[in-house]
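Structure first, then comments.
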Amino acid sequence: MSNNVPEEEYGFFRRIWEAILRLIRRLFGGGAPPSPPVGPSISLISPDKGYRGTLVAIQGSGFSETREDNKVTFNGVEAEVVKASTTEIKAIVQTGTQTGAVEVTVDGNTATGPDFTVLPYPNAGAGEDGPPIYFSGTGAPGAAGNVSPTGTAKVLVSIVYPSDQTPANPTNLRQDIIDIWDDVTTFYDQASFNDLTVDIDILSSWHELSGNQATYYKANSEAGYPNIDWGVIDRLMAEAAQAAEDDGYDLNDYDMMACVINLNGTFIRAWGGFSRQNFAYENSSAGLDIDITLDDPLPLFVIGEEADWGRCAHEFAHNLLDQSGASVTDRIGGVTLGEDVYSSDLIDSSEATAADFEMMGFHDDHPLFSGYYMEQLGYYDTSDPEHIRTLNWDRNPTSNEIEIVAHGLSINTAADRCHLVKIKVAEGLFYYIEVRQRPGSTSQIFDDSIPVGSAPNDGGVIVTRVLTDTININQQTRFITLLHDPVVLKNGETAVDPARALTISVEDDGVASRPLVCSVKVEWAQEISDDPDGRFDLNLEPWDSNWQTPDIWVDRDPYGSYDKSNDSEGRPKGNGDKPRPAEINRFYSRIHNDGADDASDVKVTFYSVEPPGVGDNGNWSPLKTETISSITADDFEDIYVNWVPVVDRHTCLKVYVQHQLGEITGGNNAAQENVFDFEAPASSVPSPVRMPVAVRNPLDKRVCVHLRTSRVPMGYSVHYPHRWVWLDPKQERSFPIMIIPTEDYGWYTEFRRKIGMTTDISLQGDVPRMYADKVSPNTYPASWAFPIGGITMSVTPKRRASIEIQAESEGRTAYVTGNLTPPMDNERVRIDYTDQFGFRNSAVVSTGVNGQFSHRFSPEKMQDENARLVEQDPDHLPKNHPGTFPVWGEYRIQAHTINSPNASQASSNVVSVKLQ
């Protein structure tokens, strides 16, 4: 039956119809009355307009409670049903849908409802929020979508132009692009000692974009421009990806895509450091309906046709250094330019003098990477003393004279020399000593403009300081500065750190001339003053590419055993335990002390914030501050507070250690955990999982935050209501993210045998990182997309389960038996025994072959353990509890599956027994 009548009116008319039939039967007799209308009906859809990917609620009656038994179409295009009851369906509008009626079909019966109006693609430049992120994965779980700094990196160069900027000589211009990328390839060949080969493919011809120059280009009307408008990045990259597919290229075959846009000489800075797994853009007037989903996230950058090769190499490096999941970004990325450090309370921006010697700094001058990056990229091997010599600063007198070899065109093999000396003061502070040399008459392509002053042999020594701190978007990073004036050091010159009595002297700046070898003395004296400044560093490990830190975890009752296994340092992996709402969980943190001195009276504050979010606007609620009396040098302490999560709320956890006088840096004194474990209960197709995620603006200005999901594998769809959102200063807005399993449960169990049952899907946000000041040689530095944080959802499809228990008492002992349905063996079941005052004892058992389990409980046997727990942690003792054990009387008993291998989370009936 089809109608557009609201449900309440429909019920009213139905009752009238049935009354009329009864009257007819009384008046005229005869057989049974005609059957009432059958099948579904639609009374309302909400919203009734939106973008493709919009989640629409359809209200009515006669729907199936099994979501896959409802077929929903919008103007004939089948939608994805994510939730269903007999009176409401929630479905997502698919790509390719046009304005038209919504229809629901159940058991062959179809109802037609109102029209859904498809809105045109939004204009980010006008301050409009983006359309939804919605796509289905195609790759294997866990794919990070990053570019390895070694091996072969396949790059596809998509060449495009606005409709009013046709290249004057497209063939010659394409060849110019090829020549530029040949230099990029040469640079990485030389920088990596041939460990990285950049393999380039370029589209066969230039492709016209759907808009004119004004659509994509933003002039120098504000800081950070001229450049491609940050708001249209998604549109431009979708059109570039479509151009590649139109040319016959499969983007899954590449590690990176560079979009070169022709503006016929108009300069743009470039954008780098971002990625996409899904490219989507719709423009019906231009005949465009782009929806391209890749197996893995693809690192991207966009650059102008006249860009120098150094700018291209720099943007390429952002995807090596800064992309989530890349091998080097499991450690901390770094910043070099003065404008990157303006908010630091440890470094004045005028000290950011390393840019002349850093590809991530003055890229158009073609410098090599500085020592920190060379180590992080693996081009110098920390484990090989012919590459890196590591010294650990302490309070003992030390003197080392070391011969250091410039990078050059071949790697050092002399046992008494190295390329890099690394001095570790603490995890928050390192010094790197290296020799840099101009190419001279060699084929070396880098370092041709480094400042050498009056030093002989075209080069000399530089010393960089790498310091951990937090920049103005609340992200921990490394600041790379010189320990001396911005020119190489020559014979007799020194770099010093008086606080550590550290002196680095050039003893001989010409041991060998090509490649240049210099002899350097590194020494620190024993005459260190009693001033405690800078001899220890309190820190927590920062979050990794999954937005988690190993130094924060949760311990759920029973304490001391975890859902996840331990790492090599004895910390449980991931969250440790999945927190249990409405009961006491232990929120743990590990605090490290690196350096030469002990730290005393260390104040540690534990925070929570909900909902979880992308970005940090400082809206954290403190739970409690605890004090660690002492942490010895080069050691750690584990500490916890009690935490009772709210039911059905997901929470981000954060720990902050108060910065102390004498500490090297306070920039690494905090860490947070943004990882959440979900179960997708399944009878047939597993149910979707849903969580609110806030997007928070860390800046003091209005900004457009671009959002991206990654690592969405086959068997799942992902939905988030916006690809980008506009936020006022420090504003936050919350939207639900939904992970939707798309296959039958049996498919996932088969998949587990091959790859694994759990998939980690991430949502990340980026804000524009732009620069107002020019750099040598009188050009603007490139802009880049800076990640402000993210969350990871670990989703595991599990069998929908139920538990039933029985209990009886015999004197002072309770006997519990139970059944898990459907029957599954070796499933973990926690049984809770709660006394009349609310004190709970728990035990974990495993099911047998038929899903059966049993347990025996005696308060007497728990007497000593309960007394120790309350003495250690009085928060566990409920109000009005006598404080003595054992407690006799009534006990309430309930069983739960919590993080069982195959059974979804479930709770049993509650039974009571009396123990006396």
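Labeling convention for the structure tokens: chains A, B, ... as they appear, residues from 1 per chain, ligands from 1 in order of appearance.
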Per residue of stretch 402-475 of chain A within 12 Å of stretch 625-640 of chain A, note the shortest atom pair and the distance in Å to one decimal, counting only C-alpha atoms, and order the rows by chain and increasing residue number, as JSON lines.
```
{"residue": "A:Val425", "atom": "CA", "partner": "A:Asp634", "partner_atom": "CA", "distance": 11.1}
{"residue": "A:Ala426", "atom": "CA", "partner": "A:Asp634", "partner_atom": "CA", "distance": 8.9}
{"residue": "A:Glu427", "atom": "CA", "partner": "A:Asp634", "partner_atom": "CA", "distance": 10.2}
```
Report task. Write down as a PyMOL selection string the residues of stretch 203-364 of chain A whose backbone DSSP state falls under alpha helix (DSSP H). Result -> chain A and resi 213-216+233-246+309-321
How would the residues just chosen look if you wrote them out with N, CA and C atoms as an mmCIF file, in the first residue's frame?
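Dumped everything to out09.cif:
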```
data_model
loop_
_atom_site.group_PDB
_atom_site.id
_atom_site.type_symbol
_atom_site.label_atom_id
_atom_site.label_comp_id
_atom_site.auth_asym_id
_atom_site.auth_seq_id
_atom_site.Cartn_x
_atom_site.Cartn_y
_atom_site.Cartn_z
ATOM 1 N N GLN A 213 39.703 29.715 -12.919
ATOM 2 C CA GLN A 213 40.772 29.956 -11.943
ATOM 3 C C GLN A 213 40.219 30.479 -10.626
ATOM 4 N N ALA A 214 39.214 31.364 -10.697
ATOM 5 C CA ALA A 214 38.666 31.949 -9.479
ATOM 6 C C ALA A 214 38.021 30.897 -8.580
ATOM 7 N N THR A 215 37.625 29.771 -9.144
ATOM 8 C CA THR A 215 37.017 28.701 -8.360
ATOM 9 C C THR A 215 38.017 28.087 -7.389
ATOM 10 N N TYR A 216 39.273 27.968 -7.834
ATOM 11 C CA TYR A 216 40.270 27.225 -7.069
ATOM 12 C C TYR A 216 41.327 28.115 -6.419
ATOM 13 N N ILE A 233 39.942 22.097 -1.551
ATOM 14 C CA ILE A 233 40.925 21.014 -1.719
ATOM 15 C C ILE A 233 40.241 19.709 -2.100
ATOM 16 N N ASP A 234 39.145 19.357 -1.416
ATOM 17 C CA ASP A 234 38.463 18.095 -1.717
ATOM 18 C C ASP A 234 37.975 18.055 -3.154
ATOM 19 N N ARG A 235 37.398 19.153 -3.605
ATOM 20 C CA ARG A 235 36.900 19.204 -4.980
ATOM 21 C C ARG A 235 38.031 19.044 -5.980
ATOM 22 N N LEU A 236 39.106 19.810 -5.801
ATOM 23 C CA LEU A 236 40.220 19.760 -6.746
ATOM 24 C C LEU A 236 40.828 18.366 -6.808
ATOM 25 N N MET A 237 41.055 17.747 -5.642
ATOM 26 C CA MET A 237 41.693 16.434 -5.650
ATOM 27 C C MET A 237 40.766 15.360 -6.212
ATOM 28 N N ALA A 238 39.465 15.513 -6.030
ATOM 29 C CA ALA A 238 38.522 14.571 -6.647
ATOM 30 C C ALA A 238 38.575 14.682 -8.163
ATOM 31 N N GLU A 239 38.654 15.900 -8.682
ATOM 32 C CA GLU A 239 38.739 16.075 -10.140
ATOM 33 C C GLU A 239 40.074 15.561 -10.666
ATOM 34 N N ALA A 240 41.145 15.752 -9.901
ATOM 35 C CA ALA A 240 42.452 15.234 -10.322
ATOM 36 C C ALA A 240 42.451 13.709 -10.329
ATOM 37 N N ALA A 241 41.798 13.109 -9.318
ATOM 38 C CA ALA A 241 41.708 11.647 -9.283
ATOM 39 C C ALA A 241 40.877 11.119 -10.444
ATOM 40 N N GLN A 242 39.786 11.821 -10.765
ATOM 41 C CA GLN A 242 38.965 11.400 -11.899
ATOM 42 C C GLN A 242 39.732 11.515 -13.212
ATOM 43 N N ALA A 243 40.550 12.579 -13.335
ATOM 44 C CA ALA A 243 41.371 12.724 -14.542
ATOM 45 C C ALA A 243 42.319 11.541 -14.692
ATOM 46 N N ALA A 244 42.891 11.086 -13.577
ATOM 47 C CA ALA A 244 43.794 9.941 -13.624
ATOM 48 C C ALA A 244 43.055 8.687 -14.071
ATOM 49 N N GLU A 245 41.859 8.469 -13.520
ATOM 50 C CA GLU A 245 41.089 7.290 -13.924
ATOM 51 C C GLU A 245 40.669 7.389 -15.386
ATOM 52 N N ASP A 246 40.288 8.588 -15.829
ATOM 53 C CA ASP A 246 39.914 8.764 -17.231
ATOM 54 C C ASP A 246 41.072 8.457 -18.167
ATOM 55 N N TRP A 309 61.916 22.303 -8.244
ATOM 56 C CA TRP A 309 61.965 20.905 -7.820
ATOM 57 C C TRP A 309 62.113 20.770 -6.305
ATOM 58 N N GLY A 310 62.747 21.763 -5.673
ATOM 59 C CA GLY A 310 62.887 21.712 -4.221
ATOM 60 C C GLY A 310 61.540 21.785 -3.524
ATOM 61 N N ARG A 311 60.632 22.588 -4.060
ATOM 62 C CA ARG A 311 59.286 22.672 -3.481
ATOM 63 C C ARG A 311 58.556 21.336 -3.648
ATOM 64 N N CYS A 312 58.744 20.691 -4.805
ATOM 65 C CA CYS A 312 58.134 19.373 -5.022
ATOM 66 C C CYS A 312 58.715 18.332 -4.056
ATOM 67 N N ALA A 313 60.044 18.346 -3.879
ATOM 68 C CA ALA A 313 60.680 17.400 -2.964
ATOM 69 C C ALA A 313 60.213 17.628 -1.524
ATOM 70 N N HIS A 314 60.025 18.894 -1.167
ATOM 71 C CA HIS A 314 59.536 19.266 0.159
ATOM 72 C C HIS A 314 58.123 18.718 0.385
ATOM 73 N N GLU A 315 57.221 18.919 -0.579
ATOM 74 C CA GLU A 315 55.849 18.429 -0.435
ATOM 75 C C GLU A 315 55.810 16.907 -0.415
ATOM 76 N N PHE A 316 56.647 16.287 -1.235
ATOM 77 C CA PHE A 316 56.768 14.832 -1.209
ATOM 78 C C PHE A 316 57.163 14.372 0.206
ATOM 79 N N ALA A 317 58.102 15.098 0.825
ATOM 80 C CA ALA A 317 58.597 14.714 2.151
ATOM 81 C C ALA A 317 57.524 14.822 3.221
ATOM 82 N N HIS A 318 56.565 15.747 3.070
ATOM 83 C CA HIS A 318 55.489 15.830 4.058
ATOM 84 C C HIS A 318 54.754 14.501 4.172
ATOM 85 N N ASN A 319 54.638 13.793 3.061
ATOM 86 C CA ASN A 319 53.955 12.506 3.093
ATOM 87 C C ASN A 319 54.858 11.395 3.612
ATOM 88 N N LEU A 320 56.173 11.631 3.634
ATOM 89 C CA LEU A 320 57.074 10.707 4.313
ATOM 90 C C LEU A 320 57.096 10.981 5.807
ATOM 91 N N LEU A 321 57.060 12.262 6.156
ATOM 92 C CA LEU A 321 57.334 12.657 7.540
ATOM 93 C C LEU A 321 56.095 12.816 8.387
#
```
Query raised in the report: stretch 189-196 of chain A: which residues within 10 Å, counting only C-alpha atoms, same-chain residues fewer than 6 positions away excluded, as an MDAnalysis selection string?
Result: chainID A and resid 148:153 183 368:369 374 377:380 407:411 443:446
Query - Long-range neighbours of A:Trp724 as number ranges by chain, 10 Å cut-off, only C-alpha atoms, 2 positions minimum in chain - result: A: 124, 128-133, 231, 234, 695, 704-708, 721-722, 726-727, 765-766
Report task. Considering only C-alpha atoms, state which residue in the set A:Asn841, A:Thr293, A:Ser908, A:Asn539 is at the smallest distance from A:Thr817. Result ->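 The shortest atom-to-atom distance to A:Thr817 comes from A:Ser908.
Rounded to one decimal, atom CA of A:Pro40 and atom CA of A:Thr117 lie 22.1 Å from each other.
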Report task. Taking the DSSP assignment computed from this structure's backbone, write out as an NGL selection string all residues of stretch 349-551 of chain A that belong to strand (DSSP E or B). Result -> :A and (388-392 or 398-405 or 417-418 or 420-426 or 429-437 or 459-470 or 476-482 or 489 or 494-497 or 502-513 or 516-524 or 536-539)
**Report entry** Non-local contacts of A:Asn283 (8 Å; only C-alpha atoms; under 5 positions in same chain excluded) as a list of chain:residue names
**Finding:**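 Those residues are A:Pro120, A:Tyr121, A:Leu288, A:Asp289.
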Would you output that residue set with N, CA, C and O atoms, as a short mmCIF file (atom, residue, chain, number, x, y, z; two decimals), in the first residue's frame?
```cif
data_model
loop_
_atom_site.label_atom_id
_atom_site.label_comp_id
_atom_site.auth_asym_id
_atom_site.auth_seq_id
_atom_site.Cartn_x
_atom_site.Cartn_y
_atom_site.Cartn_z
N PRO A 120 22.76 20.59 -4.18
CA PRO A 120 24.02 20.70 -4.93
C PRO A 120 25.22 20.71 -3.97
O PRO A 120 25.08 21.01 -2.79
N TYR A 121 26.39 20.38 -4.50
CA TYR A 121 27.62 20.31 -3.71
C TYR A 121 27.87 21.64 -3.01
O TYR A 121 27.75 22.71 -3.62
N LEU A 288 29.48 15.95 -13.70
CA LEU A 288 30.42 15.25 -12.83
C LEU A 288 29.69 14.60 -11.66
O LEU A 288 28.86 15.25 -11.00
N ASP A 289 29.97 13.35 -11.42
CA ASP A 289 29.47 12.64 -10.25
C ASP A 289 30.58 11.69 -9.81
O ASP A 289 30.55 10.50 -10.07
#
```
Query raised in the report: Neighbours of A:Arg830 within 12 Å (only C-alpha atoms; same-chain residues fewer than 4 positions away dropped), as a PyMOL selection string?
Result: chain A and resi 556-558+580+803+805+816+818+840-847+853-855+893-900+905-908
**Report entry** Spatial neighbours of A:Arg892, max dist 10 Å, only C-alpha atoms, sep filter under 6 positions, as a list in words
**Finding:**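 Here the qualifying residues turn out to be Ala807, Asp832, Tyr833, Thr834, Asp835, Gln836, Gly838, Arg840, Val910, Val911, Ser912, Val913 and Lys914 of chain A.
Nearest to A:Asn392 of all the residues A:Ile268, A:Asp416, A:Trp524, A:Leu653 is A:Trp524, counting only C-alpha atoms.
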Query raised in the report: Quick one, how far is atom CA of A:Ile504 from atom CA of A:Asp394?
Result: 15.4 Å
